[in-house]
Each structure stands twice: as structure tokens, then as C-alpha cells.
file coords11.txt (compact mmCIF, N, CA and C atoms and all ligand atoms)
# COMPACT_ATOMS: atom_id res chain seq x y z
N MET O 1 126.44 86.05 124.35
CA MET O 1 125.14 85.40 124.39
C MET O 1 125.25 84.03 125.05
N ALA O 2 124.27 83.69 125.81
CA ALA O 2 124.34 82.48 126.63
C ALA O 2 124.53 81.22 125.79
N GLY O 3 125.49 80.43 126.18
CA GLY O 3 125.64 79.10 125.56
C GLY O 3 126.44 79.07 124.28
N TYR O 4 126.81 80.20 123.72
CA TYR O 4 127.59 80.18 122.49
C TYR O 4 129.08 80.21 122.79
N THR O 5 129.85 79.42 122.02
CA THR O 5 131.30 79.44 122.19
C THR O 5 131.85 80.74 121.58
N ASP O 6 133.10 81.06 121.93
CA ASP O 6 133.74 82.26 121.36
C ASP O 6 133.78 82.18 119.84
N LYS O 7 134.01 80.96 119.36
CA LYS O 7 134.13 80.77 117.91
C LYS O 7 132.80 81.09 117.22
N VAL O 8 131.71 80.64 117.82
CA VAL O 8 130.38 80.96 117.26
C VAL O 8 130.19 82.47 117.23
N MET O 9 130.52 83.12 118.33
CA MET O 9 130.33 84.57 118.40
C MET O 9 131.20 85.29 117.39
N GLU O 10 132.42 84.76 117.20
CA GLU O 10 133.34 85.39 116.26
C GLU O 10 132.79 85.31 114.83
N HIS O 11 132.27 84.15 114.47
CA HIS O 11 131.71 84.00 113.11
C HIS O 11 130.42 84.79 112.96
N PHE O 12 129.67 84.89 114.06
CA PHE O 12 128.43 85.66 114.01
C PHE O 12 128.74 87.15 113.79
N ARG O 13 129.78 87.62 114.48
CA ARG O 13 130.13 89.04 114.36
C ARG O 13 130.82 89.38 113.04
N ASN O 14 131.62 88.41 112.55
CA ASN O 14 132.36 88.63 111.29
C ASN O 14 132.08 87.49 110.34
N PRO O 15 130.87 87.41 109.84
CA PRO O 15 130.55 86.27 108.98
C PRO O 15 131.38 86.27 107.70
N ARG O 16 131.88 85.07 107.36
CA ARG O 16 132.65 84.93 106.11
C ARG O 16 131.67 84.63 104.98
N ASN O 17 131.97 85.20 103.82
CA ASN O 17 131.22 84.86 102.61
C ASN O 17 129.72 85.15 102.70
N MET O 18 129.38 86.23 103.36
CA MET O 18 127.98 86.61 103.40
C MET O 18 127.72 87.55 102.24
N GLY O 19 126.60 87.36 101.54
CA GLY O 19 126.27 88.23 100.43
C GLY O 19 125.73 87.44 99.26
N GLU O 20 125.92 88.00 98.07
CA GLU O 20 125.32 87.41 96.90
C GLU O 20 126.38 87.13 95.85
N LEU O 21 126.21 86.04 95.11
CA LEU O 21 127.12 85.75 94.00
C LEU O 21 126.41 86.12 92.71
N LYS O 22 127.13 86.78 91.83
CA LYS O 22 126.54 87.08 90.52
C LYS O 22 126.57 85.81 89.68
N GLU O 23 125.48 85.54 89.03
CA GLU O 23 125.37 84.38 88.15
C GLU O 23 125.91 83.10 88.78
N PRO O 24 125.31 82.67 89.86
CA PRO O 24 125.78 81.44 90.52
C PRO O 24 125.50 80.21 89.64
N ASP O 25 126.30 79.19 89.81
CA ASP O 25 126.09 77.94 89.07
C ASP O 25 125.06 77.06 89.76
N GLY O 26 124.87 77.30 91.05
CA GLY O 26 123.87 76.52 91.79
C GLY O 26 123.36 77.34 92.96
N VAL O 27 122.05 77.20 93.23
CA VAL O 27 121.45 77.93 94.34
C VAL O 27 120.62 76.97 95.18
N GLY O 28 120.77 77.08 96.49
CA GLY O 28 119.96 76.26 97.38
C GLY O 28 119.23 77.15 98.36
N GLU O 29 117.93 76.95 98.46
CA GLU O 29 117.15 77.74 99.41
C GLU O 29 116.37 76.81 100.31
N VAL O 30 116.53 76.99 101.59
CA VAL O 30 115.79 76.13 102.52
C VAL O 30 115.19 76.97 103.64
N GLY O 31 114.12 76.43 104.17
CA GLY O 31 113.49 77.07 105.33
C GLY O 31 113.59 76.14 106.51
N ASN O 32 113.62 76.70 107.68
CA ASN O 32 113.69 75.86 108.88
C ASN O 32 112.30 75.76 109.50
N PRO O 33 111.71 74.56 109.41
CA PRO O 33 110.35 74.43 109.92
C PRO O 33 110.24 74.71 111.41
N ALA O 34 111.35 74.54 112.13
CA ALA O 34 111.30 74.73 113.58
C ALA O 34 111.10 76.18 113.98
N CYS O 35 111.61 77.12 113.15
CA CYS O 35 111.54 78.53 113.55
C CYS O 35 111.07 79.46 112.44
N GLY O 36 110.99 78.95 111.20
CA GLY O 36 110.54 79.79 110.09
C GLY O 36 111.64 80.61 109.44
N ASP O 37 112.89 80.45 109.90
CA ASP O 37 113.99 81.20 109.29
C ASP O 37 114.35 80.60 107.93
N VAL O 38 114.97 81.42 107.08
CA VAL O 38 115.32 80.94 105.75
C VAL O 38 116.79 81.21 105.42
N MET O 39 117.29 80.40 104.51
CA MET O 39 118.71 80.48 104.15
C MET O 39 118.86 80.26 102.67
N SER O 40 119.73 81.02 102.05
CA SER O 40 120.03 80.74 100.66
C SER O 40 121.54 80.68 100.47
N MET O 41 121.97 79.70 99.72
CA MET O 41 123.40 79.44 99.51
C MET O 41 123.65 79.43 98.00
N MET O 42 124.69 80.14 97.56
CA MET O 42 125.01 80.20 96.13
C MET O 42 126.43 79.70 95.90
N ILE O 43 126.61 78.92 94.85
CA ILE O 43 127.95 78.41 94.58
C ILE O 43 128.38 78.66 93.14
N LYS O 44 129.67 78.81 92.99
CA LYS O 44 130.32 78.82 91.67
C LYS O 44 131.16 77.55 91.63
N VAL O 45 131.10 76.85 90.51
CA VAL O 45 131.82 75.58 90.42
C VAL O 45 132.85 75.66 89.29
N LYS O 46 134.05 75.21 89.60
CA LYS O 46 135.09 75.18 88.57
C LYS O 46 135.86 73.88 88.70
N ASP O 47 136.00 73.17 87.60
CA ASP O 47 136.72 71.89 87.60
C ASP O 47 136.24 70.96 88.71
N GLY O 48 134.94 70.92 88.91
CA GLY O 48 134.38 69.98 89.89
C GLY O 48 134.56 70.40 91.33
N ARG O 49 135.05 71.61 91.54
CA ARG O 49 135.25 72.10 92.92
C ARG O 49 134.45 73.37 93.17
N ILE O 50 134.17 73.63 94.43
CA ILE O 50 133.47 74.85 94.79
C ILE O 50 134.49 75.99 94.77
N ALA O 51 134.39 76.81 93.73
CA ALA O 51 135.37 77.89 93.55
C ALA O 51 134.99 79.10 94.38
N ASP O 52 133.68 79.32 94.53
CA ASP O 52 133.23 80.44 95.36
C ASP O 52 131.87 80.09 95.94
N ILE O 53 131.58 80.71 97.07
CA ILE O 53 130.33 80.39 97.76
C ILE O 53 129.93 81.57 98.62
N LYS O 54 128.64 81.86 98.61
CA LYS O 54 128.13 82.93 99.48
C LYS O 54 126.76 82.54 100.02
N PHE O 55 126.42 83.14 101.15
CA PHE O 55 125.11 82.83 101.73
C PHE O 55 124.39 84.10 102.15
N GLN O 56 123.08 83.97 102.21
CA GLN O 56 122.25 85.03 102.78
C GLN O 56 121.25 84.35 103.69
N THR O 57 120.95 84.97 104.80
CA THR O 57 119.99 84.33 105.69
C THR O 57 119.18 85.32 106.49
N PHE O 58 117.95 84.92 106.76
CA PHE O 58 117.17 85.55 107.82
C PHE O 58 117.15 84.52 108.92
N GLY O 59 118.17 84.54 109.74
CA GLY O 59 118.26 83.50 110.75
C GLY O 59 118.93 84.04 112.00
N CYS O 60 119.02 83.18 112.99
CA CYS O 60 119.56 83.58 114.28
C CYS O 60 121.10 83.56 114.24
N ALA O 61 121.71 83.88 115.36
CA ALA O 61 123.17 83.91 115.46
C ALA O 61 123.77 82.55 115.10
N ALA O 62 123.14 81.48 115.54
CA ALA O 62 123.68 80.14 115.25
C ALA O 62 123.59 79.85 113.76
N ALA O 63 122.52 80.31 113.12
CA ALA O 63 122.37 80.07 111.67
C ALA O 63 123.45 80.83 110.91
N ILE O 64 123.73 82.05 111.33
CA ILE O 64 124.75 82.86 110.66
C ILE O 64 126.14 82.25 110.89
N ALA O 65 126.44 81.87 112.11
CA ALA O 65 127.76 81.30 112.41
C ALA O 65 127.96 79.97 111.69
N THR O 66 126.93 79.12 111.65
CA THR O 66 127.11 77.82 110.98
C THR O 66 127.25 78.00 109.48
N SER O 67 126.54 78.97 108.91
CA SER O 67 126.67 79.22 107.47
C SER O 67 128.05 79.73 107.15
N SER O 68 128.51 80.67 107.95
CA SER O 68 129.83 81.22 107.75
C SER O 68 130.87 80.10 107.79
N MET O 69 130.74 79.24 108.77
CA MET O 69 131.70 78.14 108.92
C MET O 69 131.60 77.15 107.77
N ILE O 70 130.39 76.83 107.34
CA ILE O 70 130.27 75.82 106.28
C ILE O 70 130.79 76.37 104.96
N THR O 71 130.68 77.68 104.73
CA THR O 71 131.23 78.22 103.48
C THR O 71 132.76 78.10 103.51
N GLU O 72 133.33 78.29 104.67
CA GLU O 72 134.80 78.15 104.77
C GLU O 72 135.22 76.70 104.55
N LEU O 73 134.43 75.78 105.11
CA LEU O 73 134.77 74.36 104.96
C LEU O 73 134.58 73.90 103.52
N ALA O 74 133.56 74.45 102.85
CA ALA O 74 133.19 73.95 101.52
C ALA O 74 134.09 74.51 100.42
N LYS O 75 134.59 75.72 100.61
CA LYS O 75 135.36 76.38 99.55
C LYS O 75 136.58 75.54 99.19
N GLY O 76 136.72 75.28 97.89
CA GLY O 76 137.87 74.52 97.42
C GLY O 76 137.66 73.02 97.42
N LYS O 77 136.59 72.57 98.07
CA LYS O 77 136.33 71.12 98.12
C LYS O 77 135.68 70.67 96.81
N THR O 78 135.83 69.37 96.50
CA THR O 78 135.09 68.82 95.37
C THR O 78 133.62 68.75 95.78
N LEU O 79 132.74 68.66 94.77
CA LEU O 79 131.31 68.60 95.09
C LEU O 79 131.02 67.39 95.96
N GLU O 80 131.69 66.30 95.65
CA GLU O 80 131.48 65.08 96.43
C GLU O 80 131.84 65.28 97.91
N GLU O 81 133.00 65.91 98.12
CA GLU O 81 133.44 66.16 99.51
C GLU O 81 132.47 67.11 100.21
N ALA O 82 132.05 68.14 99.48
CA ALA O 82 131.16 69.14 100.10
C ALA O 82 129.81 68.53 100.45
N LEU O 83 129.38 67.57 99.63
CA LEU O 83 128.09 66.92 99.93
C LEU O 83 128.16 66.12 101.22
N LYS O 84 129.37 65.74 101.60
CA LYS O 84 129.52 64.93 102.81
C LYS O 84 129.61 65.77 104.08
N LEU O 85 129.72 67.09 103.92
CA LEU O 85 129.76 67.95 105.12
C LEU O 85 128.41 67.90 105.83
N THR O 86 128.43 67.68 107.12
CA THR O 86 127.18 67.60 107.87
C THR O 86 127.13 68.69 108.92
N ARG O 87 125.97 68.82 109.50
CA ARG O 87 125.82 69.84 110.55
C ARG O 87 126.72 69.51 111.74
N THR O 88 126.99 68.21 111.92
CA THR O 88 127.86 67.82 113.03
C THR O 88 129.28 68.33 112.79
N ASP O 89 129.76 68.22 111.54
CA ASP O 89 131.10 68.75 111.22
C ASP O 89 131.16 70.23 111.56
N VAL O 90 130.12 70.95 111.17
CA VAL O 90 130.10 72.39 111.37
C VAL O 90 130.08 72.72 112.86
N ALA O 91 129.22 72.05 113.58
CA ALA O 91 129.11 72.31 115.02
C ALA O 91 130.44 72.01 115.72
N GLU O 92 131.10 70.92 115.28
CA GLU O 92 132.39 70.56 115.88
C GLU O 92 133.42 71.65 115.64
N GLN O 93 133.46 72.16 114.41
CA GLN O 93 134.43 73.21 114.07
C GLN O 93 134.19 74.48 114.88
N LEU O 94 132.95 74.65 115.29
CA LEU O 94 132.60 75.86 116.05
C LEU O 94 132.75 75.64 117.55
N GLY O 95 133.25 74.48 117.93
CA GLY O 95 133.43 74.19 119.35
C GLY O 95 132.13 73.82 120.03
N GLY O 96 131.14 73.41 119.24
CA GLY O 96 129.86 72.97 119.79
C GLY O 96 128.80 74.05 119.75
N LEU O 97 127.55 73.59 119.73
CA LEU O 97 126.41 74.52 119.76
C LEU O 97 125.51 74.07 120.91
N PRO O 98 124.80 75.00 121.52
CA PRO O 98 123.84 74.58 122.54
C PRO O 98 122.84 73.61 121.90
N PRO O 99 122.47 72.53 122.58
CA PRO O 99 121.58 71.52 121.97
C PRO O 99 120.32 72.14 121.37
N ILE O 100 119.79 73.13 122.01
CA ILE O 100 118.55 73.74 121.51
C ILE O 100 118.78 74.47 120.19
N LYS O 101 120.05 74.71 119.86
CA LYS O 101 120.39 75.43 118.63
C LYS O 101 120.87 74.51 117.51
N MET O 102 120.93 73.21 117.78
CA MET O 102 121.43 72.30 116.74
C MET O 102 120.56 72.36 115.49
N HIS O 103 119.26 72.55 115.67
CA HIS O 103 118.37 72.58 114.50
C HIS O 103 118.74 73.72 113.56
N CYS O 104 119.33 74.78 114.09
CA CYS O 104 119.70 75.92 113.26
C CYS O 104 120.81 75.54 112.27
N SER O 105 121.67 74.62 112.71
CA SER O 105 122.78 74.26 111.84
C SER O 105 122.32 73.41 110.66
N ASN O 106 121.09 72.88 110.73
CA ASN O 106 120.54 72.18 109.57
C ASN O 106 120.44 73.08 108.37
N LEU O 107 120.10 74.34 108.62
CA LEU O 107 119.90 75.28 107.52
C LEU O 107 121.14 75.37 106.65
N ALA O 108 122.28 75.55 107.29
CA ALA O 108 123.52 75.73 106.54
C ALA O 108 123.85 74.48 105.73
N ALA O 109 123.81 73.33 106.37
CA ALA O 109 124.16 72.08 105.68
C ALA O 109 123.14 71.78 104.59
N ASP O 110 121.86 71.95 104.88
CA ASP O 110 120.82 71.65 103.89
C ASP O 110 120.92 72.59 102.70
N ALA O 111 121.18 73.87 102.97
CA ALA O 111 121.24 74.84 101.87
C ALA O 111 122.45 74.55 100.97
N LEU O 112 123.56 74.17 101.58
CA LEU O 112 124.75 73.81 100.79
C LEU O 112 124.43 72.60 99.90
N HIS O 113 123.85 71.58 100.50
CA HIS O 113 123.53 70.37 99.73
C HIS O 113 122.53 70.70 98.61
N ALA O 114 121.58 71.57 98.91
CA ALA O 114 120.58 71.95 97.90
C ALA O 114 121.24 72.70 96.74
N ALA O 115 122.21 73.55 97.06
CA ALA O 115 122.90 74.31 96.00
C ALA O 115 123.69 73.36 95.10
N ILE O 116 124.32 72.35 95.69
CA ILE O 116 125.08 71.38 94.90
C ILE O 116 124.14 70.56 94.04
N THR O 117 123.02 70.13 94.63
CA THR O 117 122.03 69.36 93.87
C THR O 117 121.51 70.19 92.71
N ASP O 118 121.26 71.47 92.94
CA ASP O 118 120.78 72.36 91.89
C ASP O 118 121.81 72.41 90.75
N TYR O 119 123.07 72.56 91.12
CA TYR O 119 124.13 72.59 90.11
C TYR O 119 124.15 71.29 89.30
N LEU O 120 124.06 70.16 90.01
CA LEU O 120 124.12 68.87 89.32
C LEU O 120 122.92 68.69 88.39
N GLU O 121 121.76 69.15 88.83
CA GLU O 121 120.55 69.07 87.99
C GLU O 121 120.72 69.90 86.72
N ARG O 122 121.28 71.10 86.88
CA ARG O 122 121.45 71.98 85.73
C ARG O 122 122.46 71.42 84.73
N HIS O 123 123.39 70.61 85.23
CA HIS O 123 124.46 70.14 84.36
C HIS O 123 124.34 68.67 84.00
N LYS O 124 123.13 68.15 84.18
CA LYS O 124 122.89 66.76 83.80
C LYS O 124 122.93 66.64 82.29
N ARG O 125 123.55 65.57 81.84
CA ARG O 125 123.53 65.42 80.38
C ARG O 125 122.64 64.28 80.03
FE1 LIG B 201 115.93 79.86 113.32
FE2 LIG B 201 118.16 79.43 114.57
S1 LIG B 201 116.30 79.99 115.45
S2 LIG B 201 117.79 79.26 112.47
call {"tool": "encode", "arguments": {"input": "coords11.txt", "output": "C-alpha cells", "more": "lines below"}}
Ligand code: FES
result
Amino acid sequence: MAGYTDKVMEHFRNPRNMGELKEPDGVGEVGNPACGDVMSMMIKVKDGRIADIKFQTFGCAAAIATSSMITELAKGKTLEEALKLTRTDVAEQLGGLPPIKMHCSNLAADALHAAITDYLERHKR
């Protein structure tokens, strides 16, 4: 597909961590106002770290590839570290995204941050 790096295509064809988590500790759901696509991210948290993570999306190739990549980056990280992951980190790891597709990578980063926020809200004392 025009403008996508091999890495993007590889993650699009073989997405990591796609699916559903049973009884997630946090869930983030976001919509992309630019195109109407939606993304949901689920996390399991253990000892302050992301022990498991899965995503589901109705999104384009870039949305799938960025989600796949962000789940790989986030797994094993502390919540604090994962909150610092940005769409730029993801795009860099993928060898870049066409500028017109950068908005798609918001979905992955926003959904991850929303899932962490959801977890923190549920566990507020
Ligand atoms: Fe909607 Fe990419 S076009 S997420």
C-alpha cells in the first residue's frame, strides 16, 4: 500500500495482541473524529505494570499497525512509563507513517492512555 513502510505492513498483516482480554483491569475506548473509526484497548495490571494488553479496532491499516506496535511497547512497562508513550514513539518504531495517516496513530495512544486512566480510577482509594 502506498506510503507505508515494510514494518507498518508487517504489523498490519500480523497484528500483535489483537483480540479481547477476559476481565480486564482497565478499558479504554476512543473514536477518531477525523474518520469515525473506533478503538478499544484492554489491560491487565500486575504489580504496577502492564502484564497483558489487547486491542480491537474498526480502523484502517495504520490504526491496526500502530495499535499492534503500542501493545508491544506497553507490555511489561510500569503504568507511568506506558502513560508517556506517544503517537510519535509509535510512528518512529514503525519507521514513520505517511503524514496524512498520523491522525490514525492517535487512536492507539489515546486508547492506551484511556485504559490506564480507567484502571487508576477503578483503584482509587
Ligand atoms: Fe481512521 Fe486511520 S483512517 S484510523
call {"tool": "closest_residue", "arguments": {"input": "coords11.txt", "among": "O:Leu120, O:Leu85, O:Cys60, O:Val45", "to": "ligand LIG 201 (chain B)", "atoms": "only N, CA and C atoms and all ligand atoms"}}
result
O:Cys60
call {"tool": "residues_near_ligand", "arguments": {"input": "coords11.txt", "ligand": "ligand LIG 201 (chain B)", "cutoff": "7 Å", "atoms": "only C-alpha atoms and all ligand atoms", "output": "PDB file with N, CA and C atoms, keeping the file's coordinate frame"}}
result
ATOM      1  N   ASN O  32     113.620  76.700 107.680  1.00  0.00           N
ATOM      2  CA  ASN O  32     113.690  75.860 108.880  1.00  0.00           C
ATOM      3  C   ASN O  32     112.300  75.760 109.500  1.00  0.00           C
ATOM      4  N   ALA O  34     111.350  74.540 112.130  1.00  0.00           N
ATOM      5  CA  ALA O  34     111.300  74.730 113.580  1.00  0.00           C
ATOM      6  C   ALA O  34     111.100  76.180 113.980  1.00  0.00           C
ATOM      7  N   CYS O  35     111.610  77.120 113.150  1.00  0.00           N
ATOM      8  CA  CYS O  35     111.540  78.530 113.550  1.00  0.00           C
ATOM      9  C   CYS O  35     111.070  79.460 112.440  1.00  0.00           C
ATOM     10  N   GLY O  36     110.990  78.950 111.200  1.00  0.00           N
ATOM     11  CA  GLY O  36     110.540  79.790 110.090  1.00  0.00           C
ATOM     12  C   GLY O  36     111.640  80.610 109.440  1.00  0.00           C
ATOM     13  N   ASP O  37     112.890  80.450 109.900  1.00  0.00           N
ATOM     14  CA  ASP O  37     113.990  81.200 109.290  1.00  0.00           C
ATOM     15  C   ASP O  37     114.350  80.600 107.930  1.00  0.00           C
ATOM     16  N   GLY O  59     118.170  84.540 109.740  1.00  0.00           N
ATOM     17  CA  GLY O  59     118.260  83.500 110.750  1.00  0.00           C
ATOM     18  C   GLY O  59     118.930  84.040 112.000  1.00  0.00           C
ATOM     19  N   CYS O  60     119.020  83.180 112.990  1.00  0.00           N
ATOM     20  CA  CYS O  60     119.560  83.580 114.280  1.00  0.00           C
ATOM     21  C   CYS O  60     121.100  83.560 114.240  1.00  0.00           C
ATOM     22  N   ALA O  61     121.710  83.880 115.360  1.00  0.00           N
ATOM     23  CA  ALA O  61     123.170  83.910 115.460  1.00  0.00           C
ATOM     24  C   ALA O  61     123.770  82.550 115.100  1.00  0.00           C
ATOM     25  N   ALA O  62     123.140  81.480 115.540  1.00  0.00           N
ATOM     26  CA  ALA O  62     123.680  80.140 115.250  1.00  0.00           C
ATOM     27  C   ALA O  62     123.590  79.850 113.760  1.00  0.00           C
ATOM     28  N   ALA O  63     122.520  80.310 113.120  1.00  0.00           N
ATOM     29  CA  ALA O  63     122.370  80.070 111.670  1.00  0.00           C
ATOM     30  C   ALA O  63     123.450  80.830 110.910  1.00  0.00           C
ATOM     31  N   LYS O 101     120.050  74.710 119.860  1.00  0.00           N
ATOM     32  CA  LYS O 101     120.390  75.430 118.630  1.00  0.00           C
ATOM     33  C   LYS O 101     120.870  74.510 117.510  1.00  0.00           C
ATOM     34  N   HIS O 103     119.260  72.550 115.670  1.00  0.00           N
ATOM     35  CA  HIS O 103     118.370  72.580 114.500  1.00  0.00           C
ATOM     36  C   HIS O 103     118.740  73.720 113.560  1.00  0.00           C
ATOM     37  N   CYS O 104     119.330  74.780 114.090  1.00  0.00           N
ATOM     38  CA  CYS O 104     119.700  75.920 113.260  1.00  0.00           C
ATOM     39  C   CYS O 104     120.810  75.540 112.270  1.00  0.00           C
ATOM     40  N   LEU O 107     120.100  74.340 108.620  1.00  0.00           N
ATOM     41  CA  LEU O 107     119.900  75.280 107.520  1.00  0.00           C
ATOM     42  C   LEU O 107     121.140  75.370 106.650  1.00  0.00           C
TER      43      LEU O 107
END
call {"tool": "residues_near_point", "arguments": {"input": "coords11.txt", "point": "(130.2, 74.1, 119.7)", "cutoff": "8 Å", "atoms": "all atoms listed in the file", "output": "list in words"}}
result
Gly3, Tyr4, Thr5, Asp6, Lys7, Val8, Val90, Ala91, Glu92, Gln93, Leu94, Gly95, Gly96, Leu97 and Pro98 of chain O
call {"tool": "residues_around", "arguments": {"input": "coords11.txt", "residues": "segment 64-74 of chain O", "least_positions_apart": "6", "cutoff": "5 Å", "atoms": "only N, CA and C atoms", "output": "list in words"}}
result
His11, Phe12, Arg16 and Ala108 of chain O
call {"tool": "write_last_selection", "arguments": {"input": "coords11.txt", "atoms": "N, CA and C atoms", "output": "tab-separated table (two decimals), keeping the file's coordinate frame"}}
result
chain	number	residue	atom	x	y	z
O	11	HIS	N	132.27	84.15	114.47
O	11	HIS	CA	131.71	84.00	113.11
O	11	HIS	C	130.42	84.79	112.96
O	12	PHE	N	129.67	84.89	114.06
O	12	PHE	CA	128.43	85.66	114.01
O	12	PHE	C	128.74	87.15	113.79
O	16	ARG	N	131.88	85.07	107.36
O	16	ARG	CA	132.65	84.93	106.11
O	16	ARG	C	131.67	84.63	104.98
O	108	ALA	N	122.28	75.55	107.29
O	108	ALA	CA	123.52	75.73	106.54
O	108	ALA	C	123.85	74.48	105.73
call {"tool": "atom_distance", "arguments": {"input": "coords11.txt", "atom1": "atom CA of Asp118 of chain O", "atom2": "atom CA of Lys22 of chain O"}}
result
15.9 Å
call {"tool": "select_by_dssp", "arguments": {"input": "coords11.txt", "residues": "chain O", "states": "strand (DSSP E)", "output": "list in words"}}
result
Gly26, Val27, Gly28, Glu29, Val30, Gly31, Val38, Met39, Ser40, Met41, Met42, Ile43, Lys44, Val45, Lys46, Arg49, Ile50, Ala51, Asp52, Ile53, Lys54, Phe55, Gln56, Thr57 and Phe58 of chain O
